[in-house]
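Beneath this line is the structure, given in structure tokens, with notes to follow.
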Amino acid sequence: MSDIETMTGSGSSPDPQAYVAQVMSEIEEEVRRRRTSGDLPPKLERELDELFLAHSPVAGRGGDLTEALRMVDAATFVDPVVPVESERAAGTVVKKGMRTVLLWYVGWITHQVSQFASAVSRALHIVEGRLKELERQVEVQRVPGAGIVEMPAVDRAESWWVAPAIDAVKAVPGRILHAASGDGWLVRRILDAGGDAYGVDPRSDLVEQGVLTVSDLRGEDLADHLRAVAPAGLGAIVLSGVVDGMAGGERTQLLHLVGLTLAPGGVLVVHSLTRAAWDGEEAPFEADLAPGRPLRATTWQRLLQQSGYRVTVATGPGGSDYLVTAVRATVPLPEPTPPR
Amino acid sequence: MSAAGPQGPPVAVHQFIPTLNPRDATGSHTLLLREVLRDAGWRSDIFAEAIHDDLASEAYKYWVYPEHAAEGDVAIYQFSTSSAVAGFVAERTERLIVDFHNFTGPEHFNGWEPRSEERALLARHELGLLARRAELGLADSHFNERDLRRAGYRRTTVVPVLVDYRRLGAPPDPRVAAELAAAKTGGGIDLLFVGRIVPSKGQHELVKVLWAYRRLYDPLARLHLVGGSSSFAYLKALRGLVADLGLADAVRITGDVSDAALAAHFAAADAYISLSAHEGFGVPLIEAMAADVPVVTRGAGAVAETVGDAALVLAGTDPLYVAAAVRRVCTDAVLRQRLVAAGRQRLPQFALDAVTPQLVAAVTSVAGAPA
């Protein structure tokens with residue numbers, strides 16, 4: 001009887017789920033024990049992976065260039081001494097004779113093939129080295145993505161901009177996306193007003209709190225989400241706390257995605273802090289770490305008008321934030337040029 | 001041609017499908033759904049881009065549909081891959097239901113099958129294209145429903161796929177059954193997986209598990225991989241791995257098999273094992289439950305919601321871990337009994353008589369009640 005079988009006495013547990021949970025933990029224990037005892041060393045498991053990789057197309061190996069080069073290196077030598085084993089009685093003798101006769105010729109050819117393969121491999125190693133160096137340099141200069149920047153004074157349900165934002169989107173045909181939705185406070189308000197709203201926010205802790213009361217909150221990155229949405233699939237998009245700290249390229253990419261996903265006649269609402277508020281003492285620390293700074297309201301107006309939106313701007317009472325409401329042209333616009 | 005339905009009420013609910021194949025889940029579902037629709041009182045025919053020879057009399061080519069079209073028709077598009085039919089349906093004006101069975105994402109074909117990768121990208125686009133027209137998105141699972149919602153479908157509902165798992169009750173193919181029985185007399189367990197041989201199904205992971213299982217527990221264990229291949233590169237790599245591991249006699253790659261042969265495989269299996277990286281539903285998991293075969297599976301995609309508590313659901317594909325789970329299922333009589341019993345309890349919710357009213361209600365919500 002195996003060690004596993006000796007553990008099956010636990011089967012008397014009356015609760016099936018508890019029993020399965022217990023079985024799973026016993027399996028884990030069994031695995032730990034087997035690994036420790038060296039029954040199946042990790043090295044062997046790695047070899048299994050490599051064995052399969054050896055039969056896979058290079059691009060199917062997870063795109064690891066070093067690994068692919070290792071395979072190339074292993075295959076550069078072409079062996080001219082062919083195997084001579086045979087199932088037939090005289091086969092081995094015949095094959096051996098042929099090999100001896102042909103070796104001078106085959107050997108000359110394979111030597112050149114091996115030389116060529118080695119030269120290619122060397123060149124690839126040089127390319128790999130330079131690529132790695134480039135990656136190191138790029139990594140140092142990489143601009144981190146903007147986080148969500150929210151100011152408690154303006155990003156809340158009672159703020160001045162919430163009612164006009166809801167009025168602008170509640171009656172649009174199609175779904176209404178709010179990002180960053182946090183715990184769903186604005187989604188709830190839009191739903192109450194009759195709009196078909198849902199929310200997206202990368203801060204999973206807030207989303208987890210929110211899903212208890214709002215059914216459709218999704219913990220994911222806004223750009224990733226928009227890429228998955230069907231073209232012209234949204235009736236309205238409300239952005240709050242999202243665009244303020246974006247770097248130029250990130251903002252351009254977002255506008256491109258908004259252009260793809262917003263239906264003709266759809267509404268884009270952007271709530272942003274002003275630069276004065278951004279630089280004020282009340283601004284959260286994320287503002288300092290963000291790669292960009294808020295645009296002026298007039299810049300948003302210009303940007304969106306250029307893309308064919310009808311734009312209105314409202315500034316908050318304290319001058320610390322503003323609301324841009326943009327209605328997309330009702331005829332389909334030419335597809336926006338993707339950012340380079 | 002039996003595709004021509006009986007003359008019934010004026011409203012017709014027709015189905016459109018890329019490929020009508022008798023032995024894939026979407027094809028079987030489509031054929032069953034046609035009968036459900038006809039029984040409910042609608043006229044219903046099937047229109048496809050490609051039709052398997054065995055089903056030549058069951059469907060029309062989709063481009064002849066305009067000859068059959070009538071005002072008030074409702075179209076159901078069976079979505080499981082990219083197809084010209086999607087574009088055709090998108091341009092029509094009939095009220096549309098998209099019945100979504102999911103498709104393997106392009107990332108799973110990356111490096112293996114460039115054409116399949118391209119088709120998967122197209123499928124993603126087509127799903128979005130149809131979202132604008134669809135009045136209802138039907139999903140086999142909540143996992144699939146999430147994809148529909150992400151693609152912009154406003155109204156969705158979940159109804160399991162129609163599976164006539166009673167077909168497994170058919171007498172097993174005697175030749176296959178005899179072969180499997182002969183192998184069993186020499187000892188060793190039989191592990192079974194049913195699915196297309198493509199990278200996302202992870203048959204190579206199953207081979208690794210078999211290797212570990214034979215090394216640790218049972219040197220005579222065998223693995224049966226049932227299903228046709230739609231990736232030559234992957235099949236070649238799989239065969240290479242099997243040969244390198246010295247498992248040529250222990251791994252049987254059967255290709256497509258008849259229902260009777262499939263029944264023989266389920267009858268001989270000691271465990272059904274799946275390490276698929278992507279499943280929109282997982283019909284063979286239900287078939288395994290119907291055949292009283294305990295299931296060990298990776299919980300990817302919709303698998304966990306399909307099997308519920310009727311399987312050992314694992315997080316990954318670690319060969320040692322999976323082998324230990326298989327061993328436990330094959331040797332722990334209590335566990336085995338509980339999994340099989342849970343499977344039997346779970347089956348009724350996927351039974352035709354349970355799913356049929358849900359489908360009829362969903363179709364009625366768009367087409368109105370049949371006259």
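Residues are named by chain letter and number: chains run A, B, ... in the order of the structure tokens, numbers start at 1 in each chain, and ligands are numbered from 1 in the order shown.
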
Notebook entry, point to check: Skipping near chain neighbours, those fewer than 6 positions away, what residues fall within 10 Å of Val270 of chain A using only C-alpha atoms, listed as a list in words?
Noted result: Ala165, Ala179, Ile237, Val238, Leu239, Ser240, Gly241, Val242, Val243, Asp244, Ala297, Trp300, Val313, Tyr322, Leu323, Val324, Thr325 and Ala326 of chain A

Next item on the list: May I have the residues within 10 Å of Ala25 of chain B as a ChimeraX atom specification, using only C-alpha atoms and disregarding those fewer than 6 positions away in the same chain?
Entry: /B:80,101,161-164,281-284

Next item on the list: Report as a list in words: the residues of segment 148-179 of chain A with a DSSP assignment of alpha helix (DSSP H), based on the backbone of this structure.
Entry: Val162, Ala163, Pro164, Ala165, Ile166, Asp167, Ala168 and Val169 of chain A

Next item on the list: Write out as a PyMOL selection string the residues lying within 6 Å of Leu138 of chain B, counting only C-alpha atoms and excluding same-chain residues fewer than 5 positions away.
Entry: chain B and resi 98-100+156-158

Next item on the list: Could you jot down the atom CA of Gly227 of chain B to atom CA of His265 of chain B separation for me, Å, one decimal place?
Entry: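 Value for the atom CA of Gly227 of chain B-atom CA of His265 of chain B distance: 11.7 Å.
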
Note to self: Can you tell me which residues surround Phe47 of chain B at a distance of at most 12 Å, considering only C-alpha atoms, apart from same-chain residues fewer than 2 positions away, and format the answer as a ChimeraX atom specification?
What the structure shows: /B:3-4,13-20,27,30-31,34,44-45,49-51,55-69,75-78,85-86,88-89

For the selection you just gave me, I'd like the residues written to a file as a PDB file, in the first residue's frame, keeping C-alpha atoms.
```
ATOM      1  CA  ALA B   3     -32.621  20.528 -43.092  1.00  0.00           C
ATOM      2  CA  ALA B   4     -35.926  21.784 -44.382  1.00  0.00           C
ATOM      3  CA  VAL B  13     -35.212  30.971 -35.687  1.00  0.00           C
ATOM      4  CA  HIS B  14     -32.344  29.903 -37.871  1.00  0.00           C
ATOM      5  CA  GLN B  15     -28.829  29.053 -36.791  1.00  0.00           C
ATOM      6  CA  PHE B  16     -25.573  30.099 -38.432  1.00  0.00           C
ATOM      7  CA  ILE B  17     -22.323  28.309 -37.694  1.00  0.00           C
ATOM      8  CA  PRO B  18     -18.812  28.383 -39.171  1.00  0.00           C
ATOM      9  CA  THR B  19     -18.349  24.608 -39.365  1.00  0.00           C
ATOM     10  CA  LEU B  20     -20.966  21.961 -38.713  1.00  0.00           C
ATOM     11  CA  GLY B  27     -21.718  21.114 -33.836  1.00  0.00           C
ATOM     12  CA  THR B  30     -26.287  23.244 -32.900  1.00  0.00           C
ATOM     13  CA  LEU B  31     -27.963  20.056 -34.075  1.00  0.00           C
ATOM     14  CA  ARG B  34     -32.370  22.887 -33.958  1.00  0.00           C
ATOM     15  CA  SER B  44     -35.444  26.310 -37.801  1.00  0.00           C
ATOM     16  CA  ASP B  45     -32.643  25.413 -40.174  1.00  0.00           C
ATOM     17  CA  GLU B  49     -19.700  27.785 -44.076  1.00  0.00           C
ATOM     18  CA  ALA B  50     -18.335  24.231 -43.978  1.00  0.00           C
ATOM     19  CA  ILE B  51     -20.428  21.111 -43.503  1.00  0.00           C
ATOM     20  CA  LEU B  55     -24.044  16.049 -42.083  1.00  0.00           C
ATOM     21  CA  ALA B  56     -24.433  17.151 -45.688  1.00  0.00           C
ATOM     22  CA  SER B  57     -28.188  16.720 -45.498  1.00  0.00           C
ATOM     23  CA  GLU B  58     -28.502  18.605 -42.206  1.00  0.00           C
ATOM     24  CA  ALA B  59     -27.548  22.122 -43.230  1.00  0.00           C
ATOM     25  CA  TYR B  60     -27.383  24.645 -46.017  1.00  0.00           C
ATOM     26  CA  LYS B  61     -24.437  26.735 -47.106  1.00  0.00           C
ATOM     27  CA  TYR B  62     -24.841  30.099 -45.467  1.00  0.00           C
ATOM     28  CA  TRP B  63     -24.806  32.072 -48.694  1.00  0.00           C
ATOM     29  CA  VAL B  64     -28.125  30.554 -49.797  1.00  0.00           C
ATOM     30  CA  TYR B  65     -29.845  31.983 -46.712  1.00  0.00           C
ATOM     31  CA  PRO B  66     -31.285  35.005 -48.569  1.00  0.00           C
ATOM     32  CA  GLU B  67     -33.390  32.535 -50.556  1.00  0.00           C
ATOM     33  CA  HIS B  68     -34.879  31.264 -47.273  1.00  0.00           C
ATOM     34  CA  ALA B  69     -35.108  34.563 -45.429  1.00  0.00           C
ATOM     35  CA  ALA B  75     -30.732  34.464 -36.320  1.00  0.00           C
ATOM     36  CA  ILE B  76     -28.631  32.594 -33.781  1.00  0.00           C
ATOM     37  CA  TYR B  77     -24.926  32.745 -34.515  1.00  0.00           C
ATOM     38  CA  GLN B  78     -22.925  29.899 -32.991  1.00  0.00           C
ATOM     39  CA  VAL B  85     -20.294  33.750 -41.544  1.00  0.00           C
ATOM     40  CA  ALA B  86     -19.794  36.361 -38.790  1.00  0.00           C
ATOM     41  CA  PHE B  88     -22.421  37.821 -43.253  1.00  0.00           C
ATOM     42  CA  VAL B  89     -24.599  37.785 -40.151  1.00  0.00           C
TER      43      VAL B  89
END
```

Next item on the list: Choose the residue, out of B:Glu287, B:Asp244, B:Asp249, B:Glu91, that has the smallest atom-to-atom separation from chain A; count only C-alpha atoms.
Entry: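 Looking only at the distances to chain A, the closest residue turns out to be B:Asp244.
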
Item checked: Spatial neighbours of Ser231 of chain B, max dist 9 Å, only C-alpha atoms, sep filter under 3 positions, as a list in words ->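 The filter keeps Phe109, Trp112, Glu113, Ser116, Arg196, Ile197, Val198, Pro199, Tyr234, Leu235 and Lys236 of chain B.
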
Next item on the list: From the DSSP assignment of the backbone, select every residue of segment 303-348 of chain B that is strand (DSSP E or B), and format the answer as a ChimeraX atom specification.
Entry: /B:311-314

Next item on the list: Select residues of chain B: the criterion is any atom within 8 Å of an atom of chain A, counting only C-alpha atoms; output as a ChimeraX atom specification.
Entry: /B:110-112,125,127-129,131-132,150-152,154,204,208,212,216,233-234,236-238,240-241,244,309,312,319-321,324-325,327-328,331-332,334-335,338

Next item on the list: Can you pull out every residue within 7 Å of Arg133 of chain B, counting only C-alpha atoms, but drop anything in the same chain fewer than 3 positions away, and send it as a list in words?
Entry: Ala90, Leu96 and Leu130 of chain B

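Between atom CA of Leu69 of chain A and atom CA of Val82 of chain A there is a distance of 25.0 Å.
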
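Rounded to one decimal, atom CA of Ser82 of chain B and atom CA of Arg146 of chain B lie 19.1 Å from each other.
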